[in-house]
Amino acid sequence: MREIKWIFFFLLISVFTNAQIVSDTTKPESMKDDVSASVAVISIAELGGDEESADISGILQSSRDVFVSTASYTFGAARFRIRGYDSENYTVSMNGVNLNDMESGRVYWSSWGGLNDALRNSEILNGISATQFSNGGVGGATNMEVRASSYRPTTKLTYSLLNKSYNQRLMFTYATGQMQNGWAITFSGSKRWAEKGYVEGSSYDAYAYFLSVEKKLNDHHSIGFIGYGAPSKRGKSSAVVQEAYDLAGTNYYNPYWGYQNGEIRNSRISNYHKPMFMLSHYWTMDDDTKITTTASYMFGRGGGTALNWFYGDDPRPDYYRNLPSYYAESNPAHASYLTEQWQNNETFRQLDWDGFYEANSDEWDVVNDANGISGNTVYGRKSNYIIEDRRSDSKKMNLTSNLVSRISEDIELSAGIDLTNYKGDRYTVVDDLLGGDYYLDINKYAERDFADPDMSQSDLNNPNRVVKEGDIFGYHYTANINNYLAWGQLAFDYQNFDYYLGANLSYDQFWRTGQMRNGLFPDDSYGDSEKNSFINYGVKGGITYKLSGRHYLSANLLYQTRSPQFRDSYLSARTRDQVVNNLTNEKVSSIDVNYVIKYPKFNARVSAYYTNFNDKTWSRSFYHEELKDFVNYNMTGLDQRNMGIEIGTQTELLTGLKLNLVAAFGEYIYNSEPTSTITIDNSRLKLDDRKVYLKNYHVGGMPQTALSGGLDYRTSFFMFIGFDINYFDGNYLPLNPDRRTAEAVAGIDPAYPYYDAILTQELLPSTVTVDANIGKSWRIDYKYYININFSVNNILNNQEIVTGGYEQFRYDSNDIDKFANKYYYMYGTTYYLNVSFRF
């Protein structure tokens with residue numbers, strides 16, 4: 001199968017070479033039209049424990065660049081990421097206001113999901129490039145233009161029917177355009193829902209709203225208000241081990257749900273709503289100079305529920321002790337029983353909600369000196385099983401101002417400032433006591449390990465705290481982040497050359513405020529921590545040589561530093577304010593070279609890129625099998641190298657018939673041997689620092705080779721039809737760094753089978769998919785427009801395509817299969833029907 005990519009590569013080269021003889025008989029077009037319409041594609045895979053993430057590709061509109069448009073839509077199902085970049089390498093803004101998350105740097109597209117029509121007016125740039133609206137990132141920049149006067153007058157109603165995460169969607173958009181009285185109003189709203197999503201036990205219930213109002217005061221000044229939000233609740237699914245998929249008889253098995261009183265109930269419900277409001281001033285000083293200033297405020301809740309229990313066996317059906325393989329050698333009879341139950345008893349492989357209620361109803365207990373009050377006695381049913389809500393609420397205030405000025409006929413200046421104050425609250429709330437009367441807020445692991453009862457208290461300021469539904473427990477801290485950025489850029493446009501130079505300077509400061517005094521860390525958990533401050537800078541530049549009116553050669557360079565992310569900077573932000581050793585700025589350096597051809601019936605782009613990410617900080621928490629405790633695992637000095645080639649060609653074979661060929665060949669590897677620090681979450685014990693031998697291991701989680709060939713046919717009577725054949729390869733599982741240490745294989749004979757199994761990174765099988773689409777538009781009386789689009793993905797209904805997963809952080813070096821790798825599978829055949837009516 002892997003030979004396909006080489007055949008495809010030579011086919012592309014052949015098409016590309018033959019195209020050079022096309023005669024240049026038409027009027028030259030501006031290079032700006034050729035390269036400025038790219039789109040930043042960010043496929044956001046499920047991130048461990050990150051309730052704000054969504055497994056939804058963040059695409060706002062298509063692109064005239066065939067490579068990027070194909071990667072946006074066609075490659076999204078395979079979790080492809082352009083150039084292997086994570087979303088923190090893209091800058092996304094709305095009216096100039098940066099929307100990247102302040103704690104992680106990532107882009108959470110679900111914050112404005114369902115507002116497709118309202119956000120179509122976007123300037124989208126891919127890769128290193130000149131930008132008028134922000135400093136940009138190594139992956140590109142997007143600005144959604146949402147001032148009310150930028151929308152043309154329209155009323156549009158859309159209905160969609162599909163069989164993916166949600167089943168149905170309704171959207172309504174109304175825009176007045178600029179009216180004679182100086183006002184402009186745009187409103188949009190939507191609802192998306194599914195009682196049962198594609199994966200068993202999943203659900204979807206989401207709304208969205210958008211309002212933009214603008215008043216033109218005179219020819220030079222306008223003011224505008226923008227408000228939007230996208231409240232959503234999703235019943236989630238999970239990656240699981242292959243054994244569970246096989247026993248359940250489906251690669252879409254979901255361990256998060258079960259029946260309660262005959263109704264489906266999912267333990268993992270994502271609940272997210274963070275609206276934003278903006279007040280903007282638009283100042284047109286003259287024909288050559290414009291200044292846009294926006295003050296914004298974002299607030300709201302994020303979070304997701306999960307099952308928690310105080311003591312006893314793990315009740316999750318896919319827990320390794322609940323699978324037959326655990327007993328295969330020690331108790332074959334029990335293994336056979338479990339196999340029979342998994343395969344033939346549907347409720348056996350689901351959560352036992354009735355069992356949780358029954359167990360809690362029998363847990364009568366007494367708490368003395370409850371809530372730290374002497375003599376206060378609480379008696380009742382103490383819940384062992386509860387549903388907790390892991391909250392991530394936040395507030396962000398921002399002031400941004402952007403200047404664009406044409407200094408002369410050939411020179412344009414862009415500059416701006418961005419001032420941000422952010423506070424993020426992280427805590428857990430009792431969501432459901434599952435029939436009990438209360439829950440006791442103490443650390444069960446500390447209670448097990450230490451005789452001193454104070455050490456097991458989650459909050460020494462409120463010892464023996466009895467919590468009920470809606471109460472905070474476990475941990476509570478605030479992330480405080482201030483960011484102050486200034487940037488500028490000069491762009492020069494001459495007859496044979498275009499070039500630009502840009503720079504930025506920023507000051508970042510963050511600290512932790514503990515809202516609870518943890519019994520294990522009484523001096524390091526409560527109140528304000530020390531402030532961590534970083535000064536960062538960046539420079540970038542690019543040049544375009546216009547070989548002719550049809551051929552362009554360009555190159556771009558970037559070097560920047562950026563602060564470590566708040567989420568990666570603390571040993572365990574949940575419990576204490578100790579920062580990671582050797583915390584330092586990350587360095588990013590990148591270069592790309594592009595060759596662009598643009599003819600009426602043929603266009604192509606070939607790009608080569610090379611990017612280094614140095615001194616990254618990486619943090620995770622997990623249960624450590626050897627230590628028998630929850631640990632915090634931090635790495636510093638982590639380097640990553642991304643390099644590759646992008647090729648996209650589009651050829652009009654006949655009138656209306658176009659052939660698209662797209663290829664991405666990448667190599668994304670770790671390029672250093674970082675140092676890891678392991679700390680026990682329930683003590684101050686720190687293991688000796690370990691060297692992690694990650695160099696030349698692959699960055700996992702996405703295909704590093706992706707190919708597509710397709711035909712699109714558009715008729716003169718507004719009908720289109722098309723199909724694509726796609727190939728994916730080079731998809732490695734994200735790895736567990738602790739398995740790549742000398743300690744992990746210490747004492748194991750290299751000839752022992754598990755020695756290589758511990759160190760080897762799994763390469764997922766290559767795969768082929770086929771997609772198709774068809775559509776028709778009608779125009780009635782030059783006033784009414786009807787559009788119908790229908791697309792089908794994975795027509796071959798291949799349900800064996802592994803798109804990702806991960807190595808479990810918990811592992812046993814003497815039995816590496818004990819905690820096997822977990823996988824995600826691509827959906828089988830899915831469809832999407834979209835009908836819109838506009839007037």
# chains A, B, ... in the order shown; residues from 1 in each chain; ligands from 1
call {"tool": "residues_around", "arguments": {"residues": "Pro317 in chain A", "least_positions_apart": "5", "cutoff": "7 Å", "atoms": "only C-alpha atoms", "output": "VMD selection string"}}
result
chain A and resid 255 322 349 to 351
call {"tool": "atom_distance", "arguments": {"atom1": "CA of Asn731 in chain A", "atom2": "CA of Leu764 in chain A"}}
result
5.5 Å
call {"tool": "residues_around", "arguments": {"residues": "range 680-684 of chain A", "least_positions_apart": "3", "cutoff": "7 Å", "atoms": "only C-alpha atoms", "output": "list in words"}}
result
Ala446, Leu520, Asp629, Phe630, Val631 and Asn632 of chain A
call {"tool": "select_by_dssp", "arguments": {"residues": "range 361-609 of chain A", "states": "strand (DSSP E)", "output": "PyMOL selection string"}}
result
chain A and resi 364-367+378-381+385-406+411-432+439-440+466-467+472-493+497-514+527-528+532-546+551-562+586-598+602-609
call {"tool": "residues_around", "arguments": {"residues": "Trp342 in chain A", "least_positions_apart": "2", "cutoff": "12 Å", "atoms": "only C-alpha atoms", "output": "number ranges by chain"}}
result
A: 243-250, 253, 255, 317-318, 322-324, 335-340, 344-350
call {"tool": "write_last_selection", "arguments": {"atoms": "N, CA, C and O atoms", "output": "short mmCIF file (atom, residue, chain, number, x, y, z; two decimals), in the first residue's frame"}}
result
data_model
loop_
_atom_site.label_atom_id
_atom_site.label_comp_id
_atom_site.auth_asym_id
_atom_site.auth_seq_id
_atom_site.Cartn_x
_atom_site.Cartn_y
_atom_site.Cartn_z
N GLU A 243 -9.11 -4.89 22.62
CA GLU A 243 -9.83 -6.02 23.21
C GLU A 243 -11.28 -5.67 23.50
O GLU A 243 -12.20 -6.46 23.24
N ALA A 244 -11.52 -4.46 24.03
CA ALA A 244 -12.89 -4.05 24.33
C ALA A 244 -13.71 -3.87 23.06
O ALA A 244 -14.89 -4.25 23.01
N TYR A 245 -13.10 -3.28 22.02
CA TYR A 245 -13.80 -3.16 20.74
C TYR A 245 -14.21 -4.55 20.22
O TYR A 245 -15.35 -4.75 19.77
N ASP A 246 -13.26 -5.48 20.25
CA ASP A 246 -13.53 -6.81 19.71
C ASP A 246 -14.61 -7.54 20.51
O ASP A 246 -15.49 -8.20 19.94
N LEU A 247 -14.57 -7.43 21.83
CA LEU A 247 -15.57 -8.09 22.66
C LEU A 247 -16.95 -7.50 22.44
O LEU A 247 -17.96 -8.22 22.45
N ALA A 248 -17.01 -6.18 22.24
CA ALA A 248 -18.29 -5.52 22.02
C ALA A 248 -18.81 -5.72 20.61
O ALA A 248 -20.00 -5.47 20.34
N GLY A 249 -17.94 -6.14 19.71
CA GLY A 249 -18.35 -6.38 18.33
C GLY A 249 -18.50 -5.12 17.50
O GLY A 249 -19.14 -5.15 16.45
N THR A 250 -17.90 -4.03 17.95
CA THR A 250 -17.97 -2.77 17.20
C THR A 250 -16.76 -1.92 17.54
O THR A 250 -16.30 -1.90 18.69
N TYR A 253 -17.46 1.19 20.22
CA TYR A 253 -17.85 0.93 21.61
C TYR A 253 -17.49 2.13 22.47
O TYR A 253 -16.42 2.74 22.32
N PRO A 255 -17.44 3.25 26.56
CA PRO A 255 -17.60 2.79 27.95
C PRO A 255 -18.22 3.81 28.89
O PRO A 255 -18.38 3.52 30.08
N PRO A 317 -16.42 -0.34 32.82
CA PRO A 317 -16.45 -1.68 32.20
C PRO A 317 -15.17 -2.02 31.45
O PRO A 317 -14.83 -3.20 31.34
N ASP A 318 -14.45 -1.02 30.91
CA ASP A 318 -13.24 -1.31 30.15
C ASP A 318 -11.98 -1.23 31.00
O ASP A 318 -10.87 -1.26 30.45
N ASN A 322 -11.38 -5.64 34.46
CA ASN A 322 -12.71 -6.10 34.06
C ASN A 322 -12.71 -6.73 32.68
O ASN A 322 -13.78 -7.02 32.13
N LEU A 323 -11.52 -6.97 32.13
CA LEU A 323 -11.38 -7.57 30.81
C LEU A 323 -10.87 -9.01 30.92
O LEU A 323 -10.08 -9.33 31.83
N PRO A 324 -11.28 -9.88 30.02
CA PRO A 324 -10.86 -11.29 30.11
C PRO A 324 -9.35 -11.50 30.08
O PRO A 324 -8.84 -12.42 30.72
N ALA A 335 -11.94 -15.88 32.96
CA ALA A 335 -11.74 -15.19 31.68
C ALA A 335 -12.81 -15.60 30.68
O ALA A 335 -13.35 -14.77 29.93
N SER A 336 -13.14 -16.90 30.65
CA SER A 336 -14.18 -17.38 29.75
C SER A 336 -15.54 -16.80 30.10
O SER A 336 -16.33 -16.43 29.22
N TYR A 337 -15.80 -16.68 31.42
CA TYR A 337 -17.07 -16.10 31.86
C TYR A 337 -17.17 -14.64 31.42
O TYR A 337 -18.21 -14.20 30.91
N LEU A 338 -16.09 -13.87 31.62
CA LEU A 338 -16.11 -12.46 31.23
C LEU A 338 -16.31 -12.31 29.72
O LEU A 338 -17.04 -11.43 29.25
N THR A 339 -15.66 -13.19 28.95
CA THR A 339 -15.81 -13.13 27.50
C THR A 339 -17.26 -13.35 27.10
O THR A 339 -17.82 -12.62 26.26
N GLU A 340 -17.89 -14.35 27.71
CA GLU A 340 -19.28 -14.65 27.39
C GLU A 340 -20.19 -13.49 27.76
O GLU A 340 -21.10 -13.14 26.99
N ASN A 344 -22.35 -11.27 24.98
CA ASN A 344 -23.77 -11.60 24.92
C ASN A 344 -24.66 -10.80 25.86
O ASN A 344 -25.88 -10.87 25.75
N ASN A 345 -24.08 -10.04 26.78
CA ASN A 345 -24.86 -9.28 27.75
C ASN A 345 -24.53 -7.81 27.58
O ASN A 345 -23.50 -7.34 28.06
N GLU A 346 -25.40 -7.09 26.89
CA GLU A 346 -25.11 -5.69 26.58
C GLU A 346 -24.90 -4.85 27.82
O GLU A 346 -24.01 -4.00 27.87
N THR A 347 -25.69 -5.08 28.86
CA THR A 347 -25.58 -4.26 30.08
C THR A 347 -24.27 -4.52 30.81
O THR A 347 -23.81 -3.67 31.57
N PHE A 348 -23.65 -5.68 30.59
CA PHE A 348 -22.40 -5.99 31.27
C PHE A 348 -21.28 -5.05 30.85
O PHE A 348 -20.38 -4.76 31.63
N ARG A 349 -21.33 -4.58 29.60
CA ARG A 349 -20.27 -3.71 29.11
C ARG A 349 -20.66 -2.22 29.18
O ARG A 349 -20.08 -1.39 28.51
N GLN A 350 -21.66 -1.94 30.04
CA GLN A 350 -22.09 -0.57 30.25
C GLN A 350 -21.94 -0.19 31.72
O GLN A 350 -21.72 -1.05 32.58
#
call {"tool": "residues_around", "arguments": {"residues": "Ala206 in chain A", "least_positions_apart": "4", "cutoff": "8 Å", "atoms": "only C-alpha atoms", "output": "list in words"}}
result
Lys191, Arg192, Trp193, Ala230, Pro231, Ser232, Lys233 and Arg234 of chain A
call {"tool": "closest_residue", "arguments": {"among": "A:Arg79, A:Lys382, A:Arg810, A:Arg605", "to": "Tyr320 in chain A", "atoms": "only C-alpha atoms"}}
result
A:Arg810
